[in-house]
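**Q** Contents of input-v2.txt (compact mmCIF, C-alpha atoms) are given next:
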# COMPACT_ATOMS: atom_id res chain seq x y z
CA MET Q 1 4.21 13.27 -3.64
CA PRO Q 2 2.91 10.62 -6.07
CA PHE Q 3 5.16 7.72 -7.08
CA LEU Q 4 5.35 5.45 -10.13
CA LEU Q 5 6.76 1.99 -9.36
CA ASP Q 6 8.77 -0.12 -11.78
CA THR Q 7 8.16 -3.90 -11.87
CA ASN Q 8 10.98 -4.90 -9.49
CA THR Q 9 9.84 -2.35 -6.93
CA TYR Q 10 6.21 -3.42 -7.26
CA PHE Q 11 7.32 -7.02 -6.68
CA LEU Q 12 8.59 -6.05 -3.21
CA PHE Q 13 4.95 -6.17 -2.03
CA PHE Q 14 4.70 -9.85 -2.99
CA GLN Q 15 7.95 -11.20 -1.58
CA PRO Q 16 7.74 -13.61 1.35
CA GLU Q 17 8.80 -12.76 4.88
CA PRO Q 18 11.29 -11.62 5.93
CA LYS Q 19 10.88 -8.61 3.65
CA PRO Q 20 14.04 -6.82 2.49
CA THR Q 21 14.97 -3.46 4.01
CA SER Q 22 14.08 -1.77 0.72
CA TYR Q 23 10.45 -2.89 1.27
CA THR Q 24 10.32 -1.06 4.61
CA CYS Q 25 11.78 2.10 3.04
CA LEU Q 26 9.30 1.88 0.15
CA ARG Q 27 6.32 1.31 2.43
CA GLU Q 28 7.19 4.34 4.55
CA LYS Q 29 7.60 6.52 1.46
CA LEU Q 30 4.23 5.48 -0.02
CA LYS Q 31 2.14 5.47 3.14
CA SER Q 32 -0.45 8.16 3.73
CA SER Q 33 -2.63 8.29 6.83
CA THR Q 34 -4.73 5.22 6.02
CA GLU Q 35 -3.38 3.58 2.89
CA ILE Q 36 -0.45 2.96 0.61
CA SER Q 37 -1.03 4.36 -2.85
CA PHE Q 38 1.04 4.64 -5.99
CA TYR Q 39 0.93 4.48 -9.77
CA ILE Q 40 2.14 1.69 -12.06
CA SER Q 41 2.30 1.54 -15.82
CA GLU Q 42 0.21 -0.95 -17.74
CA ILE Q 43 3.44 -2.73 -18.74
CA THR Q 44 4.26 -3.19 -15.02
CA SER Q 45 0.73 -4.46 -14.40
CA MET Q 46 1.33 -7.09 -17.09
CA GLU Q 47 4.95 -7.87 -16.25
CA ILE Q 48 4.22 -8.67 -12.58
CA HIS Q 49 2.32 -11.75 -13.78
CA SER Q 50 5.40 -12.87 -15.71
CA VAL Q 51 7.54 -12.52 -12.58
CA LEU Q 52 5.01 -14.38 -10.45
CA GLY Q 53 4.83 -17.14 -13.08
CA LYS Q 54 8.61 -17.52 -12.93
CA TYR Q 55 8.40 -18.04 -9.17
CA ARG Q 56 5.47 -20.45 -9.54
CA ARG Q 57 7.46 -22.58 -12.01
CA GLY Q 58 10.61 -22.56 -9.88
CA SER Q 59 13.93 -23.50 -11.42
CA PRO Q 60 16.20 -26.54 -11.22
CA ARG Q 61 19.78 -26.39 -10.03
CA GLN Q 62 21.98 -25.75 -13.05
CA ALA Q 63 25.68 -26.21 -13.62
CA GLN Q 64 27.30 -24.56 -16.62
CA LYS Q 65 30.93 -24.88 -17.65
CA CYS Q 66 32.69 -21.60 -18.27
CA ASN Q 67 34.05 -21.36 -21.80
CA ARG Q 68 35.83 -18.02 -21.53
CA GLU Q 69 39.40 -17.69 -22.60
CA ILE Q 70 41.61 -16.50 -19.74
CA SER Q 71 45.20 -15.33 -19.49
CA ILE Q 72 47.69 -17.52 -17.68
CA SER Q 73 51.44 -17.22 -17.26
CA THR Q 74 52.13 -19.38 -20.33
CA GLY Q 75 49.54 -17.72 -22.60
CA THR Q 76 45.81 -18.38 -22.67
CA ALA Q 77 43.55 -21.25 -21.64
CA VAL Q 78 39.88 -22.06 -21.34
CA CYS Q 79 38.50 -21.25 -17.90
CA PRO Q 80 38.21 -24.46 -15.83
CA ASN Q 81 35.41 -23.21 -13.57
CA THR Q 82 31.75 -24.22 -13.46
CA TRP Q 83 28.96 -21.78 -12.66
CA ILE Q 84 26.22 -23.12 -10.44
CA SER Q 85 22.74 -21.60 -10.26
CA PRO Q 86 20.93 -22.87 -7.17
CA ALA Q 87 17.51 -24.46 -7.46
CA ARG Q 88 14.45 -22.45 -6.54
CA LYS Q 89 11.43 -24.36 -5.29
CA PRO Q 90 8.18 -23.66 -7.13
CA LEU Q 91 5.77 -21.36 -5.36
CA LYS Q 92 2.90 -23.38 -3.94
CA LEU Q 93 -0.33 -23.09 -5.95
CA ARG Q 94 -2.30 -21.75 -2.99
CA VAL Q 95 0.31 -19.03 -2.33
CA PHE Q 96 0.46 -18.20 -6.05
CA ARG Q 97 -3.35 -17.82 -6.25
CA ASN Q 98 -3.37 -15.65 -3.10
CA ILE Q 99 -0.74 -13.35 -4.61
CA GLN Q 100 -2.72 -13.16 -7.86
CA LYS Q 101 -5.77 -12.11 -5.84
CA LEU Q 102 -3.71 -9.53 -3.98
CA VAL Q 103 -2.47 -8.08 -7.31
CA LYS Q 104 -6.06 -7.89 -8.56
CA ASP Q 105 -7.20 -6.19 -5.33
CA ILE Q 106 -4.33 -3.68 -5.42
CA GLU Q 107 -4.98 -2.78 -9.04
CA SER Q 108 -8.76 -2.59 -8.43
CA GLN Q 109 -8.00 -0.28 -5.47
CA ARG Q 110 -9.62 -2.57 -2.91
CA GLY Q 111 -7.85 -2.60 0.44
CA ASP Q 112 -5.01 -0.74 2.14
CA ILE Q 113 -2.65 -0.93 -0.86
CA GLN Q 114 -3.93 0.80 -3.99
CA ALA Q 115 -2.33 1.16 -7.40
CA THR Q 116 -3.55 3.38 -10.19
CA VAL Q 117 -2.69 1.76 -13.52
CA LEU Q 118 -1.66 4.20 -16.25
CA ALA Q 119 -2.73 2.77 -19.62
CA LEU Q 120 -0.26 2.59 -22.48
CA ASN Q 121 -0.96 5.00 -25.31
CA GLN Q 122 0.79 6.42 -28.35
CA PRO Q 123 2.49 9.33 -26.55
CA ILE Q 124 4.03 6.86 -24.05
CA ILE Q 125 5.31 4.71 -26.91
CA ASP Q 126 6.72 7.81 -28.62
CA TYR Q 127 8.52 8.92 -25.44
CA ALA Q 128 9.84 5.37 -24.93
CA ARG Q 129 11.13 5.13 -28.51
CA ASN Q 130 12.85 8.50 -28.13
CA VAL Q 131 14.51 7.40 -24.88
CA LEU Q 132 15.76 4.19 -26.53
CA MET Q 133 17.06 6.09 -29.54
CA HIS Q 134 19.01 8.52 -27.34
CA TYR Q 135 20.35 6.23 -24.62
CA ALA Q 136 20.33 2.55 -25.63
CA ASP Q 137 23.85 2.85 -27.00
CA ARG Q 138 25.16 4.11 -23.63
CA TYR Q 139 23.06 2.31 -21.03
CA SER Q 140 21.91 -1.28 -20.72
CA PHE Q 141 18.14 -0.96 -20.57
CA GLY Q 142 15.39 -2.38 -22.72
CA SER Q 143 11.96 -1.60 -24.05
CA HIS Q 144 10.13 -2.40 -20.78
CA ASP Q 145 12.18 0.15 -18.87
CA ALA Q 146 11.81 2.62 -21.75
CA LEU Q 147 8.01 2.23 -21.59
CA ILE Q 148 8.08 2.90 -17.86
CA ALA Q 149 10.19 6.03 -18.45
CA GLY Q 150 7.78 6.98 -21.25
CA CYS Q 151 4.87 6.56 -18.84
CA LEU Q 152 6.61 8.89 -16.38
CA MET Q 153 7.23 11.49 -19.10
CA ASN Q 154 3.66 11.28 -20.38
CA ALA Q 155 2.25 11.72 -16.87
CA GLN Q 156 4.32 14.85 -16.36
CA HIS Q 157 3.92 16.44 -19.80
CA ASN Q 158 0.37 15.43 -20.78
CA LEU Q 159 -1.48 14.52 -17.57
CA ASN Q 160 0.10 17.17 -15.28
CA ILE Q 161 0.95 14.52 -12.68
CA ASN Q 162 4.39 15.16 -11.21
CA LEU Q 163 5.49 11.58 -10.50
CA THR Q 164 8.72 10.26 -9.02
CA LEU Q 165 9.82 6.88 -10.41
CA VAL Q 166 10.72 4.31 -7.79
CA THR Q 167 13.48 2.06 -9.11
CA SER Q 168 16.79 0.50 -8.15
CA ASP Q 169 17.75 -0.16 -11.77
CA LYS Q 170 21.14 1.49 -12.34
CA ALA Q 171 20.74 2.07 -16.09
CA LEU Q 172 17.20 3.41 -15.76
CA LYS Q 173 18.30 5.80 -13.01
CA ALA Q 174 21.11 7.07 -15.26
CA VAL Q 175 18.64 7.76 -18.09
CA LEU Q 176 16.24 9.52 -15.70
CA LYS Q 177 19.09 11.65 -14.37
CA GLU Q 178 20.10 12.67 -17.91
CA GLU Q 179 16.48 13.57 -18.67
CA GLY Q 180 16.16 15.58 -15.45
CA LEU Q 181 13.42 13.28 -14.10
CA CYS Q 182 12.93 12.47 -10.42
CA TYR Q 183 13.53 9.00 -9.02
CA TYR Q 184 13.76 7.34 -5.63
CA ASP Q 185 15.82 4.22 -4.93
CA PRO Q 186 14.49 2.27 -1.90
CA GLN Q 187 17.79 0.37 -1.71
CA ASN Q 188 19.66 3.68 -1.34
CA PRO Q 189 17.31 6.02 0.52
How would this structure read if it were set down as structure tokens?
**A**
Amino acid sequence: MPFLLDTNTYFLFFQPEPKPTSYTCLREKLKSSTEISFYISEITSMEIHSVLGKYRRGSPRQAQKCNREISISTGTAVCPNTWISPARKPLKLRVFRNIQKLVKDIESQRGDIQATVLALNQPIIDYARNVLMHYADRYSFGSHDALIAGCLMNAQHNLNINLTLVTSDKALKAVLKEEGLCYYDPQNP
């Protein structure tokens, strides 16, 4: 059964050790006798570089005061708490370059892991727009996820490829369910 991976699922291949359990489930699902193969949309192929860039840049520790109004016994008050986002060290340049090479190899179908990139086209954009028009008011998902859903729909309706979308995104799964499209969640196998 062929699978289409969303960006977060594709990123599982590039996470450092120890890999999450969802990676093991995904790998087993995608593995044939000699290789791991799957499809990704062109938007996923592009977006993975954005995700990798975020990890390469790292992020400083941030503290942000909460400004929400909360109920207390005497009325309301401003929340006294502070949110803290931990720092993330930048990915080392050598590791970053190695991952970039791995992405290139996967998408060029060199090696044991091979992705077929499905190019964006007008039918995909039309499907994506339709999905947004019908579901954006009920589910929290954006244009990237809509393009991935559009890619899935185009593959099934116009390319005769019966794909299953691999995602753990709650809103995207809800849209796929409403549309009667197959999905697999490696975090909930």
**Q** Between Q:Pro189, Q:Tyr139, Q:Leu159, Q:Val103, which residue has the minimum interatomic distance to Ala119 (chain Q), considering all atoms listed in the file?
**A**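 When distances to Ala119 (chain Q) are compared using all atoms listed in the file, the smallest one comes from Q:Leu159.
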**Q** Report the distance between CA of Phe13 (chain Q) and CA of Pro90 (chain Q) in Å, rounded to one decimal place.
**A**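 Distance reported for this atom pair: 18.5 Å.
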**Q** Report as a compact mmCIF listing (two decimals) with C-alpha atoms, keeping the file's coordinate frame all protein, DNA and RNA residues lying within 10 Å of region 112-115 of chain Q, evaluated on all atoms listed in the file, omitting residues in the same chain fewer than 2 positions from it.
**A**
# COMPACT_ATOMS: atom_id res chain seq x y z
CA PHE Q 3 5.16 7.72 -7.08
CA LEU Q 4 5.35 5.45 -10.13
CA LEU Q 5 6.76 1.99 -9.36
CA TYR Q 10 6.21 -3.42 -7.26
CA PHE Q 13 4.95 -6.17 -2.03
CA ARG Q 27 6.32 1.31 2.43
CA LEU Q 30 4.23 5.48 -0.02
CA LYS Q 31 2.14 5.47 3.14
CA THR Q 34 -4.73 5.22 6.02
CA GLU Q 35 -3.38 3.58 2.89
CA ILE Q 36 -0.45 2.96 0.61
CA SER Q 37 -1.03 4.36 -2.85
CA PHE Q 38 1.04 4.64 -5.99
CA TYR Q 39 0.93 4.48 -9.77
CA ILE Q 40 2.14 1.69 -12.06
CA SER Q 41 2.30 1.54 -15.82
CA SER Q 45 0.73 -4.46 -14.40
CA LEU Q 102 -3.71 -9.53 -3.98
CA VAL Q 103 -2.47 -8.08 -7.31
CA LYS Q 104 -6.06 -7.89 -8.56
CA ASP Q 105 -7.20 -6.19 -5.33
CA ILE Q 106 -4.33 -3.68 -5.42
CA GLU Q 107 -4.98 -2.78 -9.04
CA SER Q 108 -8.76 -2.59 -8.43
CA GLN Q 109 -8.00 -0.28 -5.47
CA ARG Q 110 -9.62 -2.57 -2.91
CA VAL Q 117 -2.69 1.76 -13.52
CA LEU Q 118 -1.66 4.20 -16.25
**Q** Pick from Q:Ile161, Q:Val166, Q:Met46, Q:Pro16: nearest to Val95 (chain Q), with only C-alpha atoms counted?
**A**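 Once distances to Val95 (chain Q) are computed over only C-alpha atoms, the minimum belongs to Q:Pro16.
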**Q** With all atoms listed in the file as the atoms that count, which of Q:Ala171, Q:Thr24, Q:Thr82, Q:Leu93 lies nearest to Arg56 (chain Q)?
**A**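 Answer, going by the shortest atom-to-atom distance: Q:Leu93.
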**Q** Which of these residues is nearest to Ile43 (chain Q), using all atoms listed in the file: Q:Glu179, Q:Asp145, Q:Asp169, Q:Asp185?
**A**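 Between Q:Glu179, Q:Asp145, Q:Asp169, Q:Asp185, the residue approaching Ile43 (chain Q) most closely is Q:Asp145.
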**Q** Could you state the separation of CA of Met133 (chain Q) and CA of Asn160 (chain Q) in Å, given to one decimal place?
**A**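 For CA of Met133 (chain Q) relative to CA of Asn160 (chain Q), the distance reads 24.8 Å.
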**Q** So the first atom is CA of Ile125 (chain Q) and the second is CA of Ala146 (chain Q); what is the distance between them in Å, to one decimal place?
**A** 8.6 Å
**Q** What residues have an atom no more than 12 Å from (-1.8, 6.3, -23.6) in the file's own frame, counting only C-alpha atoms, and can you write them as a list in words?
**A**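 Within the cut-off we find Ser41, Glu42, Ile43, Val117, Leu118, Ala119, Leu120, Asn121, Gln122, Pro123, Ile124, Ile125, Asp126, Tyr127, Ala128, Leu147, Ile148, Gly150, Cys151, Leu152, Met153, Asn154, Ala155, Asn158 and Leu159 of chain Q.
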**Q** Can you tell me, as an mmCIF file with C-alpha atoms, in the coordinates of the input, what residues are no more than 10 Å from Ala87 (chain Q) when counting only C-alpha atoms, ignoring any on the same chain fewer than 2 positions away?
**A**
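Okay, around_3.cif is ready:
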data_model
loop_
_atom_site.group_PDB
_atom_site.id
_atom_site.type_symbol
_atom_site.label_atom_id
_atom_site.label_comp_id
_atom_site.auth_asym_id
_atom_site.auth_seq_id
_atom_site.Cartn_x
_atom_site.Cartn_y
_atom_site.Cartn_z
ATOM 1 C CA GLY Q 58 10.610 -22.560 -9.880
ATOM 2 C CA SER Q 59 13.930 -23.500 -11.420
ATOM 3 C CA PRO Q 60 16.200 -26.540 -11.220
ATOM 4 C CA ARG Q 61 19.780 -26.390 -10.030
ATOM 5 C CA GLN Q 62 21.980 -25.750 -13.050
ATOM 6 C CA ILE Q 84 26.220 -23.120 -10.440
ATOM 7 C CA SER Q 85 22.740 -21.600 -10.260
ATOM 8 C CA LYS Q 89 11.430 -24.360 -5.290
ATOM 9 C CA PRO Q 90 8.180 -23.660 -7.130
#
**Q** Show which residues sit within 9 Å of Met1 (chain Q), as a list of chain:residue names. Count all atoms listed in the file, and ignore same-chain residues fewer than 4 positions away.
**A**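 Using all atoms listed in the file, the neighbours found are Q:Leu30, Q:Asn162, Q:Leu163, Q:Thr164.
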**Q** Tell me which of Q:Thr74, Q:Arg88, Q:Ser32, Q:Pro20 sits closest to Arg57 (chain Q), counting only C-alpha atoms.
**A** Q:Arg88
**Q** Using only C-alpha atoms, which residue out of Q:Lys177, Q:Asn81, Q:Thr116, Q:Gly75 lies closest to Ala63 (chain Q)?
**A**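 Smallest distance to Ala63 (chain Q) is found for Q:Asn81.
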